[in-house]
Amino acid sequence: MRISAPARAEEPLHIVIDQGKVEPLPIALPGFIGKSQAERDTGTNIAKVISDDLERSGLFRALDPRSFIERSMDFDTLPRFNDWRIINTEALVTGQAVIQDDGRLRVEFRLWDVVRNQQLRGKKYYTTPENWRRIAHLVSDEIYTRLTGETGYFDTRVVFVQESGSKIARRKRLAIMDQDGANVSFLTDGFDMALTPRFSPTAQEVTYLSYFNNKPRVYLLNIESGQQEVVGDFPGMTFAPRFSPDGGKIIMSLDTRGNSDIYVMDLRNRRQTRLTEHPAIDTAPSYAPDSRAISFESDRSGRQQLYVMRSDGTDIRRISWGEGRYATPVWSPRGDLIAFTKMLRGRFYIGVMRPDGDPKTERLLTESFLDEGPTWAPNGRVLMFFRQTPNRRDGSGGTVRLWSVDLTGYNLREVPTLGDASDPAWSPLIK
């Protein structure tokens, strides 16, 4: 039977993810078919990346290909749905990879609701053959969005600090990779220490802190061209620069005459505006997605706590009230939560709370010897952070790695990197 147009189920397959622990949906992903060996190899690779993407989300369980009954598939023929129901498949993805006469790669996929014998989504993409991995992430996003009702986050990148060398002579340089750890490249050479990288809203630029002749500088770096510029030379220490949601400003903490306060700089005219003025340490600012408010950490109450203020620096109010110390607040892209690092009785936690400061909304998602620096996936459902694992009782030695966790706290996974890695920043969806 030939396929003409996508059909829609009256009651489409859908994953409910507004509860606690979610039972993963069984999904089958046969290798995308192709006529030539190169096409078949590409199709197999694409299906593997899609399977890995969906599996890591914690919402899907990719079925073992050895269990498949239907093995010889024609992309333009309806699947034998009964064969897939026998092995308890609920969703099926079929696809093909074609290298065209003009040298471009055409990738097509179809998502099927096996229970109702219905096609849920179908799409085709054209790209260069070497760009097959990005196409796989785009297909993953389409499947995730269709089956969860939320925006996918797989076609994204992560910038982070790659660390090497001894603890005494630590080398820290900026690196960037796909969200799954693939396609790693370095953005700085490591001769000058680089810290706290953060993406612009367009994902084309990164702002970060670096030391030049032992003096802190805030830089802007264009990822594609490699061109960088100094935002400013500041007389004191500068910490945690971060873009405003519209990309027109950078907010940061400046230490002047031994006092750290929050400043914002307009990138068009380089004009600085001071937002806080307090003898305590105010640092780690983060804008709400609508730019109307800013979260930051401060010890103005006697120990590190989280605060929220309006974007003009007024109406400052404390929002963290639990035991321990709180740091590194960062606003969710949805605006509904603030992620943070918590320190309590010698342990570190990654948690989330509502911006209104209701203590009942605080939830701790991870716990270890040292978890720090959360960053949000663009759909506001997953966090990435870095974790230090000690080798010795005094905490020395060990490794520093990137990890991810979803808002349930159950789906905790290590993110593969080349050696030690810290301070990740998740990009928006790539345009």
# chains A, B, ... in the order shown; residues from 1 in each chain; ligands from 1
>>> select_by_dssp(residues="region 129-225 of chain A", states="helix (DSSP H, G or I)", output="MDAnalysis selection string")
chainID A and resid 129:148
>>> select_by_dssp(residues="region 330-416 of chain A", states="strand (DSSP E)", output="count of residues only")
49
>>> closest_residue(among="A:Leu344, A:Ile15, A:Ile430, A:Ala169", to="Gly149 (chain A)", atoms="only C-alpha atoms")
A:Ile15
>>> atom_distance(atom1="CA of Lys124 (chain A)", atom2="CA of Leu138 (chain A)")
10.5 Å
>>> atom_distance(atom1="CA of Leu92 (chain A)", atom2="CA of Phe109 (chain A)")
10.3 Å
>>> closest_atom_pairs(of="region 305-342 of chain A", to="region 256-280 of chain A", cutoff="10 Å", atoms="only C-alpha atoms", output="tab-separated table")
residue	atom	partner	partner_atom	distance
A:Met309	CA	A:Leu275	CA	9.3
A:Arg310	CA	A:Leu275	CA	9.4
A:Ser311	CA	A:Leu275	CA	8.0
A:Asp312	CA	A:Leu275	CA	6.3
A:Gly313	CA	A:Leu275	CA	4.5
A:Thr314	CA	A:Leu275	CA	7.9
A:Ile316	CA	A:Thr276	CA	9.1
>>> write_last_selection(atoms="N, CA and C atoms", output="compact mmCIF listing (two decimals), in the first residue's frame")
# COMPACT_ATOMS: atom_id res chain seq x y z
N MET A 309 15.17 40.94 42.21
CA MET A 309 14.86 42.36 42.16
C MET A 309 14.31 42.71 40.79
N ARG A 310 13.70 43.87 40.70
CA ARG A 310 13.29 44.35 39.38
C ARG A 310 14.53 44.67 38.55
N SER A 311 14.35 44.75 37.24
CA SER A 311 15.50 44.94 36.37
C SER A 311 16.17 46.29 36.53
N ASP A 312 15.50 47.25 37.22
CA ASP A 312 16.14 48.53 37.48
C ASP A 312 16.82 48.57 38.85
N GLY A 313 16.85 47.42 39.55
CA GLY A 313 17.53 47.34 40.83
C GLY A 313 16.66 47.60 42.04
N THR A 314 15.38 47.86 41.85
CA THR A 314 14.48 48.15 42.97
C THR A 314 13.77 46.88 43.43
N ILE A 316 14.16 44.73 46.03
CA ILE A 316 14.98 43.55 46.31
C ILE A 316 14.33 42.72 47.41
>>> residues_around(residues="region 139-143 of chain A", least_positions_apart="4", cutoff="9 Å", atoms="only C-alpha atoms", output="ChimeraX atom specification")
/A:49-51,53-54,93,109,111,121,123,134-135,147-148,151-155
>>> atom_distance(atom1="CA of Gly409 (chain A)", atom2="CA of Leu364 (chain A)")
7.8 Å
